[in-house]
Every structure is written in C-alpha cells, then in structure tokens.
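Before any comments, here is the structure.
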Amino acid sequence: MTRPRAHAVMDEDAFRLLFDDARRDRFADLADTAERMLITDLDNPSAAAMLAETEALITSWGAPRLDAERLNRMPRLRAVLHAAGSVQELVSDEFWARGIRLTSAADANAVPVAEFTLGAILLAGKRAFTRLRSTDPDWSAWQDRRIGNVDRTVGIVGFSHIGRRVVELLRPFDGISVLVSDPYADADAVAASGATLLPLEKLLPRVDVLSLHAPSLPATRHMIAADQLAALPDGATVINTARGALIDHDALLAECHIGRLDAVLDVTDPEPLPHDHPLRALPNVAITPHLAGSLGTEARRLADSALDELAAYAAGAAARHPITRERLTISA
C-alpha cells in the first residue's frame, strides 16, 4: 500500500471535533501529510506547493467549493473523501469533468439521525411533546386512544441512508407497522426491510406518524404542503429531521394551530426560525436546534468513514461509499 499525499480541508473546529489523537495518528499512518495535516484555506498561497502534490483530500464542514480555479492548483488530485453528509455544495461541473473519486460519510451520519428519529417516533406515540409544558400527572391520558405505540403506523418519506435505518430500528416494535414512500426505492428492498412501499398519496391517510427523510432538491421543496397535510389523519404527528424546505411551514402552522396535527421539527425553513415565529408558541409543536445529526463524539464516526475510504484508495481498492453525479440528482 502506498502513502498518498493527503490533507484535511475543513475549518479548525470541525477538525478538532472529528480527529482526536488516535484518528490523527491513523491519518498520518495512511498518508503523507507533508507535516501539515490540516489546510483551512485552499486559496492561501502558503499552501500552493503542498496542494500541487496532493492526491487526496478529506473534506468536511468549512471546506470550500471545488471549482475550476481551486482544482487547477491540485493537478494530481484523484480523490475527495467527505467526512460529512451532503456533498451538494462541495462539487462543481469541473470536478465531475476531471473524474475525481468522491465518497461521503452520509451512511455514518445516518446513525445518530435515525436514533433521534426513533426516539421522536416513540415519544410522539406517547403524546409526550404535547405535554412538555405540563407539570401535573394526566390521569385521564390512559383512556386517550390517540396515545400509545401499539396498532400504530409510521410513514417514512425517503428510503435514504437515514430512512432505511429508521425502518430497521422500528422492526423490534411489533405494535408498529411501517409504510415507505420513495419513487426511486426498490420495492423488494423495502419489503425485505419489513416495510411496505406505497405512493405518497396512498401512504398519508394511513399513518399516525409521518417522518421525513428525503433530500432537499428543487423537486422536493414543499413536497409536504397543504394538500398533503390535510390528507393526514386527525392527531397525526409530523417529524422532520431532514431539511426544513421539505415542508410548507405556513400550511403546517395552520394545521397545528387548530390542534389537528402535532409536529416535531429538528430542522426548519428558515433555520433557525425567528424567535417570534408562531410555530414556537404552539404547545403541540416541539422544535429542537438541529440536534439529530452527528454531534460531539458521534462526529468521530465521520472521520472513521473518511479514513476507511483513504485506506481503500491507498490500497487501490474500490470506494466503500462512492458518490456519482447521477446519484446527486436524487440525493443530497
């Protein structure tokens, strides 16, 4: 196995979060970093000589767009290994034209999001979010037929890295059935996961919880709008851990304001919501500040994923989680 010239390109905070001493040591074992493992500014002239010899970059939060001008400074670049989820803002037409290998740690980042979503689904079943501000025991709740995680149906919109993991995590709960809507999903793969694939319009009227895991693309903006929300049963909960733009917030406000629907929003549009936004004042809407993704020690999974990709590249092996231009038309 050769040791390619490689550097991390991200902001300092991201590097400290992702790479503890053990992961820095592994990076140094796998690659020649020319005594400068981290480059925070690709446009700084002081990095020009190193970048001219660079074969691989490990990128993450704070990495700039790899446009023609920056790529021209890296004529030997052959691999970009993204230690985060979406690569939409990282790549350019010129990047694809050069045939550079691209990977993402989206699969690793899916783990905490799916875990957060599972918790939100189960708490939504217990109507916990509508009682967050209550201090007295609600002894009448045991009779409320809207409460509970038995004979409940969860709808998953987007059979993505995260959506698939959520379906897997729900399998042990025999009181919960799962429906999936995704125009690009393979029906056999969905069935093998224990879920049922349906068009969105057929899924909506049947679910007690709707959980969104679709990418933010022009085609998915406001995919859940007034008509879709109106199709949900009374008392349903909408959970969004994907991107805020998937939901028409005005339409959601209208449904939650009258108490017909509840919502758990880890992402919003805009993000964050203004402090005086009316959704914040509703007792049946829980808003968390983008907590679902990799935080704290969880971020080290992203570094591990990128370092595994670096090891595969150095060994001449296939990428584990490759990203193609075609795939980006339907994913983040």
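Each chain in the structure tokens gets a letter, A, B, ..., in the order shown, and its residues are numbered from 1; ligands are numbered from 1 in order too.
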
> Residues at most 7 Å from Thr59 (chain A), counting only C-alpha atoms, excluding those fewer than 4 positions away in the same chain, as number ranges by chain?
Replying inline: A: 8-10, 63, 80-83

Grab the residues selected above and save them as an mmCIF file, in the first residue's frame with C-alpha atoms.
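Writing the result to again-v1.cif gives the following:
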```
data_model
loop_
_atom_site.group_PDB
_atom_site.id
_atom_site.type_symbol
_atom_site.label_atom_id
_atom_site.label_comp_id
_atom_site.auth_asym_id
_atom_site.auth_seq_id
_atom_site.Cartn_x
_atom_site.Cartn_y
_atom_site.Cartn_z
ATOM 1 C CA ALA A 8 -7.757 17.521 5.647
ATOM 2 C CA VAL A 9 -9.643 20.542 4.309
ATOM 3 C CA MET A 10 -12.185 21.936 6.754
ATOM 4 C CA ALA A 63 -14.489 23.092 3.006
ATOM 5 C CA VAL A 80 -12.103 13.655 -2.283
ATOM 6 C CA LEU A 81 -13.331 11.820 0.802
ATOM 7 C CA HIS A 82 -16.062 13.808 2.526
ATOM 8 C CA ALA A 83 -16.249 13.377 6.303
#
```

>> Give me the residues near Ala299 (chain A) as a PyMOL selection string, where near means some atom within 10 Å (using only C-alpha atoms) and where sequence neighbours in that chain fewer than 3 positions away do not count.
In response: chain A and resi 14+17-19+83-84+108-109+112+293-296+302-304

Could you turn the residues from that selection into a file that holds N, CA, C and O atoms, as an mmCIF file, in the first residue's frame?
```cif
data_model
loop_
_atom_site.group_PDB
_atom_site.id
_atom_site.type_symbol
_atom_site.label_atom_id
_atom_site.label_comp_id
_atom_site.auth_asym_id
_atom_site.auth_seq_id
_atom_site.Cartn_x
_atom_site.Cartn_y
_atom_site.Cartn_z
ATOM 1 N N ALA A 14 -14.132 21.921 13.105
ATOM 2 C CA ALA A 14 -14.531 20.621 12.576
ATOM 3 C C ALA A 14 -13.404 19.607 12.719
ATOM 4 O O ALA A 14 -13.644 18.452 13.101
ATOM 5 N N LEU A 17 -13.086 18.405 16.235
ATOM 6 C CA LEU A 17 -14.219 17.553 16.593
ATOM 7 C C LEU A 17 -14.082 16.160 16.012
ATOM 8 O O LEU A 17 -14.322 15.158 16.693
ATOM 9 N N LEU A 18 -13.684 16.081 14.743
ATOM 10 C CA LEU A 18 -13.631 14.795 14.054
ATOM 11 C C LEU A 18 -12.392 13.982 14.395
ATOM 12 O O LEU A 18 -12.464 12.748 14.489
ATOM 13 N N PHE A 19 -11.256 14.656 14.553
ATOM 14 C CA PHE A 19 -9.986 13.941 14.643
ATOM 15 C C PHE A 19 -9.371 14.109 16.029
ATOM 16 O O PHE A 19 -8.720 15.110 16.321
ATOM 17 N N ALA A 83 -15.946 13.819 4.943
ATOM 18 C CA ALA A 83 -16.249 13.377 6.303
ATOM 19 C C ALA A 83 -17.457 14.145 6.842
ATOM 20 O O ALA A 83 -17.415 14.769 7.900
ATOM 21 N N ALA A 84 -18.537 14.079 6.084
ATOM 22 C CA ALA A 84 -19.824 14.681 6.456
ATOM 23 C C ALA A 84 -20.863 14.060 5.526
ATOM 24 O O ALA A 84 -20.570 13.069 4.838
ATOM 25 N N ALA A 108 -22.536 6.957 7.774
ATOM 26 C CA ALA A 108 -22.157 7.097 9.183
ATOM 27 C C ALA A 108 -22.989 8.182 9.860
ATOM 28 O O ALA A 108 -23.388 8.046 11.022
ATOM 29 N N ASN A 109 -23.241 9.263 9.142
ATOM 30 C CA ASN A 109 -24.033 10.357 9.707
ATOM 31 C C ASN A 109 -25.489 9.949 9.901
ATOM 32 O O ASN A 109 -26.218 10.555 10.703
ATOM 33 N N PRO A 112 -26.850 8.606 14.021
ATOM 34 C CA PRO A 112 -27.496 9.396 15.072
ATOM 35 C C PRO A 112 -28.828 9.995 14.653
ATOM 36 O O PRO A 112 -29.727 10.162 15.487
ATOM 37 N N GLY A 293 -28.280 15.259 13.788
ATOM 38 C CA GLY A 293 -27.062 14.840 13.109
ATOM 39 C C GLY A 293 -25.911 14.592 14.060
ATOM 40 O O GLY A 293 -26.039 14.711 15.284
ATOM 41 N N SER A 294 -24.764 14.259 13.519
ATOM 42 C CA SER A 294 -23.597 13.893 14.321
ATOM 43 C C SER A 294 -23.117 15.071 15.158
ATOM 44 O O SER A 294 -22.732 16.113 14.629
ATOM 45 N N LEU A 295 -23.132 14.882 16.468
ATOM 46 C CA LEU A 295 -22.660 15.889 17.408
ATOM 47 C C LEU A 295 -21.647 15.260 18.353
ATOM 48 O O LEU A 295 -21.680 14.060 18.607
ATOM 49 N N GLY A 296 -20.752 16.081 18.886
ATOM 50 C CA GLY A 296 -19.814 15.598 19.893
ATOM 51 C C GLY A 296 -19.049 14.372 19.430
ATOM 52 O O GLY A 296 -18.503 14.327 18.325
ATOM 53 N N LEU A 302 -17.654 9.956 11.436
ATOM 54 C CA LEU A 302 -17.436 10.551 10.122
ATOM 55 C C LEU A 302 -15.959 10.499 9.749
ATOM 56 O O LEU A 302 -15.605 10.216 8.600
ATOM 57 N N ALA A 303 -15.096 10.785 10.730
ATOM 58 C CA ALA A 303 -13.659 10.670 10.481
ATOM 59 C C ALA A 303 -13.279 9.229 10.173
ATOM 60 O O ALA A 303 -12.496 8.965 9.248
ATOM 61 N N ASP A 304 -13.837 8.285 10.920
ATOM 62 C CA ASP A 304 -13.532 6.869 10.674
ATOM 63 C C ASP A 304 -13.947 6.463 9.260
ATOM 64 O O ASP A 304 -13.214 5.733 8.575
#
```

> Near region 287-292 of chain A, within 10 Å and counting only C-alpha atoms, which residues show up once chain neighbours fewer than 6 positions away are dropped, as a list of chain:residue names?
Replying inline: A:Asn109, A:Ala110, A:Val111, A:Pro112, A:Val113, A:Ala114, A:Glu115, A:Phe116, A:Thr117, A:Phe129, A:Asn240, A:Thr241, A:Ala242, A:Arg243, A:Ala263, A:Val264, A:Leu265, A:Asp266, A:Val267, A:Thr268, A:Glu271, A:Pro272, A:Leu273, A:Leu279, A:Arg280

Please, could you write that set of residues out with C-alpha atoms as a compact mmCIF listing (two decimals), in the first residue's frame?
```txt
# COMPACT_ATOMS: atom_id res chain seq x y z
CA ASN A 109 -24.03 10.36 9.71
CA ALA A 110 -27.31 8.46 9.29
CA VAL A 111 -26.80 6.59 12.56
CA PRO A 112 -27.50 9.40 15.07
CA VAL A 113 -30.26 10.88 12.91
CA ALA A 114 -32.05 7.53 12.79
CA GLU A 115 -31.60 7.08 16.54
CA PHE A 116 -33.01 10.57 17.19
CA THR A 117 -35.92 9.84 14.87
CA PHE A 129 -44.38 16.51 23.05
CA ASN A 240 -38.78 16.39 10.19
CA THR A 241 -35.10 15.59 10.74
CA ALA A 242 -34.20 16.07 7.06
CA ARG A 243 -34.40 19.62 5.68
CA ALA A 263 -45.08 18.39 14.84
CA VAL A 264 -41.51 17.61 15.88
CA LEU A 265 -39.10 19.79 13.91
CA ASP A 266 -35.34 19.39 14.21
CA VAL A 267 -34.94 21.44 11.02
CA THR A 268 -36.93 24.45 9.84
CA GLU A 271 -33.18 27.81 10.10
CA PRO A 272 -33.38 28.87 12.82
CA LEU A 273 -36.95 30.09 12.88
CA LEU A 279 -44.90 27.79 15.48
CA ARG A 280 -42.67 28.33 18.50
```

>> Using only C-alpha atoms, which protein or nucleic acid residues come within 8 Å of Pro322 (chain A)? Drop anything in the same chain fewer than 4 positions from it, and give the result as an MDAnalysis selection string.
In response: chainID A and resid 101:104

Save the residues we just selected, C-alpha atoms, as a short mmCIF file (atom, residue, chain, number, x, y, z; two decimals), in the first residue's frame?
```cif
data_model
loop_
_atom_site.label_atom_id
_atom_site.label_comp_id
_atom_site.auth_asym_id
_atom_site.auth_seq_id
_atom_site.Cartn_x
_atom_site.Cartn_y
_atom_site.Cartn_z
CA ARG A 101 -13.23 9.87 -6.95
CA LEU A 102 -15.81 11.14 -4.46
CA THR A 103 -17.11 9.49 -1.31
CA SER A 104 -19.36 10.61 1.53
#
```

> For Asp144 (chain A), which residue out of A:Asp32, A:Asn44, A:Arg127, A:Glu12 is the nearest one, using only C-alpha atoms?
Replying inline: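 Of all the options, A:Arg127 lies closest to Asp144 (chain A).
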
> Quick one: of A:Arg16, A:Arg78, A:Arg5, A:Arg327, who's nearest to Ala31 (chain A), counting only C-alpha atoms?
Replying inline: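 The shortest atom-to-atom distance to Ala31 (chain A) comes from A:Arg5.
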
>> I need the residues in region 114-257 of chain A that are strand (DSSP E) according to DSSP; give them as a PyMOL selection string.
In response: chain A and resi 152-157+176-181+196-197+209-212+237-240

> For Ala105 (chain A), which residue out of A:Ala254, A:Ala192, A:Gly163, A:Ala306 is the nearest one, using only C-alpha atoms?
Replying inline: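 Using only C-alpha atoms, the shortest distance to Ala105 (chain A) belongs to A:Ala306.
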
>> I want to know what sits within 6 Å of region 195-212 of chain A, based on only C-alpha atoms, with residues of the same chain fewer than 6 positions away left out; could you give that as a PyMOL selection string?
In response: chain A and resi 153-157+178-181+231-233+236-240

Output of the above residues as a short mmCIF file (atom, residue, chain, number, x, y, z; two decimals), in the first residue's frame, restricted to N, CA, C and O atoms:
```
data_model
loop_
_atom_site.label_atom_id
_atom_site.label_comp_id
_atom_site.auth_asym_id
_atom_site.auth_seq_id
_atom_site.Cartn_x
_atom_site.Cartn_y
_atom_site.Cartn_z
N THR A 153 -49.14 3.15 12.85
CA THR A 153 -48.47 3.08 11.56
C THR A 153 -47.58 4.30 11.39
O THR A 153 -48.01 5.44 11.61
N VAL A 154 -46.34 4.06 11.00
CA VAL A 154 -45.37 5.11 10.75
C VAL A 154 -45.12 5.18 9.25
O VAL A 154 -44.88 4.15 8.60
N GLY A 155 -45.17 6.38 8.71
CA GLY A 155 -44.85 6.58 7.30
C GLY A 155 -43.48 7.21 7.15
O GLY A 155 -43.19 8.24 7.76
N ILE A 156 -42.63 6.58 6.37
CA ILE A 156 -41.27 7.06 6.11
C ILE A 156 -41.23 7.60 4.70
O ILE A 156 -41.45 6.87 3.73
N VAL A 157 -40.93 8.88 4.56
CA VAL A 157 -40.82 9.50 3.24
C VAL A 157 -39.34 9.64 2.90
O VAL A 157 -38.63 10.46 3.46
N VAL A 178 -44.90 -0.18 9.29
CA VAL A 178 -44.15 0.87 8.60
C VAL A 178 -44.49 0.88 7.12
O VAL A 178 -44.45 -0.16 6.45
N LEU A 179 -44.80 2.07 6.63
CA LEU A 179 -45.01 2.30 5.20
C LEU A 179 -43.90 3.21 4.70
O LEU A 179 -43.42 4.07 5.44
N VAL A 180 -43.51 3.04 3.46
CA VAL A 180 -42.44 3.85 2.86
C VAL A 180 -42.94 4.44 1.55
O VAL A 180 -43.60 3.76 0.75
N SER A 181 -42.60 5.71 1.34
CA SER A 181 -42.85 6.35 0.04
C SER A 181 -41.54 6.90 -0.49
O SER A 181 -40.87 7.70 0.18
N ALA A 231 -54.33 15.47 4.14
CA ALA A 231 -54.59 14.04 3.94
C ALA A 231 -54.24 13.21 5.16
O ALA A 231 -54.67 12.06 5.26
N LEU A 232 -53.46 13.75 6.09
CA LEU A 232 -53.09 13.01 7.29
C LEU A 232 -54.29 12.87 8.22
O LEU A 232 -55.12 13.78 8.31
N PRO A 233 -54.38 11.78 8.96
CA PRO A 233 -55.49 11.62 9.92
C PRO A 233 -55.40 12.63 11.05
O PRO A 233 -54.32 13.13 11.37
N ALA A 236 -52.34 13.03 13.88
CA ALA A 236 -51.04 12.56 13.38
C ALA A 236 -49.93 13.53 13.78
O ALA A 236 -50.16 14.71 14.03
N THR A 237 -48.71 13.00 13.82
CA THR A 237 -47.53 13.80 14.13
C THR A 237 -46.61 13.82 12.93
O THR A 237 -46.32 12.77 12.34
N VAL A 238 -46.13 15.01 12.58
CA VAL A 238 -45.15 15.18 11.51
C VAL A 238 -43.78 15.38 12.13
O VAL A 238 -43.60 16.27 12.97
N ILE A 239 -42.82 14.55 11.74
CA ILE A 239 -41.44 14.65 12.24
C ILE A 239 -40.53 14.99 11.08
O ILE A 239 -40.55 14.31 10.05
N ASN A 240 -39.73 16.02 11.25
CA ASN A 240 -38.78 16.39 10.19
C ASN A 240 -37.38 16.50 10.77
O ASN A 240 -37.07 17.41 11.53
#
```

>> Quick check for you: according to DSSP on this backbone, which residues of region 117-200 of chain A are classed as helix (DSSP H, G or I)? Reply as number ranges by chain.
In response: A: 117-125, 128-131, 141-143, 161-170, 187-192, 200

> Which residues come within 12 Å of Pro64 (chain A), counting only C-alpha atoms, excluding same-chain residues fewer than 6 positions away, as number ranges by chain?
Replying inline: A: 9-11, 39-43, 57, 70-71, 82, 87-92

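Of the listed residues A:Leu38, A:Phe95, A:His7, A:Val150, the one whose atoms come nearest to Ala52 (chain A) is A:His7, with distances taken using only C-alpha atoms.
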
Polymer residues at most 7 Å from region 256-260 of chain A, only C-alpha atoms, same-chain spacing of 5 or more positions, as a PDB file with all heavy atoms, in the first residue's frame:
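out03.pdb, written as the output of this step:
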```pdb
ATOM      1  N   ASP A 234     -56.528  12.927  11.671  1.00  0.00           N
ATOM      2  CA  ASP A 234     -56.533  13.774  12.854  1.00  0.00           C
ATOM      3  C   ASP A 234     -55.631  13.163  13.924  1.00  0.00           C
ATOM      4  O   ASP A 234     -55.657  11.952  14.165  1.00  0.00           O
ATOM      5  CB  ASP A 234     -57.949  13.905  13.419  1.00  0.00           C
ATOM      6  CG  ASP A 234     -58.880  14.701  12.518  1.00  0.00           C
ATOM      7  OD1 ASP A 234     -58.387  15.277  11.534  1.00  0.00           O
ATOM      8  OD2 ASP A 234     -60.086  14.741  12.817  1.00  0.00           O
ATOM      9  N   GLY A 235     -54.831  14.005  14.569  1.00  0.00           N
ATOM     10  CA  GLY A 235     -53.949  13.535  15.630  1.00  0.00           C
ATOM     11  C   GLY A 235     -52.615  13.016  15.165  1.00  0.00           C
ATOM     12  O   GLY A 235     -51.795  12.590  15.992  1.00  0.00           O
ATOM     13  N   LEU A 282     -46.722  27.234  19.904  1.00  0.00           N
ATOM     14  CA  LEU A 282     -47.752  26.205  19.973  1.00  0.00           C
ATOM     15  C   LEU A 282     -47.340  25.062  20.898  1.00  0.00           C
ATOM     16  O   LEU A 282     -46.213  24.557  20.806  1.00  0.00           O
ATOM     17  CB  LEU A 282     -48.043  25.656  18.571  1.00  0.00           C
ATOM     18  CG  LEU A 282     -48.630  26.654  17.570  1.00  0.00           C
ATOM     19  CD1 LEU A 282     -48.865  25.967  16.230  1.00  0.00           C
ATOM     20  CD2 LEU A 282     -49.934  27.253  18.100  1.00  0.00           C
ATOM     21  N   ASN A 284     -48.250  22.037  20.854  1.00  0.00           N
ATOM     22  CA  ASN A 284     -48.168  20.745  20.168  1.00  0.00           C
ATOM     23  C   ASN A 284     -47.074  20.723  19.096  1.00  0.00           C
ATOM     24  O   ASN A 284     -47.061  19.851  18.226  1.00  0.00           O
ATOM     25  CB  ASN A 284     -49.516  20.382  19.545  1.00  0.00           C
ATOM     26  CG  ASN A 284     -50.034  21.464  18.606  1.00  0.00           C
ATOM     27  OD1 ASN A 284     -49.696  22.636  18.754  1.00  0.00           O
ATOM     28  ND2 ASN A 284     -50.844  21.080  17.630  1.00  0.00           N
TER      29      ASN A 284
END
```

> Which residue gives the smallest distance to Phe173 (chain A) among A:Leu217, A:Ile121, A:Ala185, A:Ala128, with only C-alpha atoms counted?
Replying inline: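 Among A:Leu217, A:Ile121, A:Ala185, A:Ala128, it is A:Ile121 that comes nearest to Phe173 (chain A).
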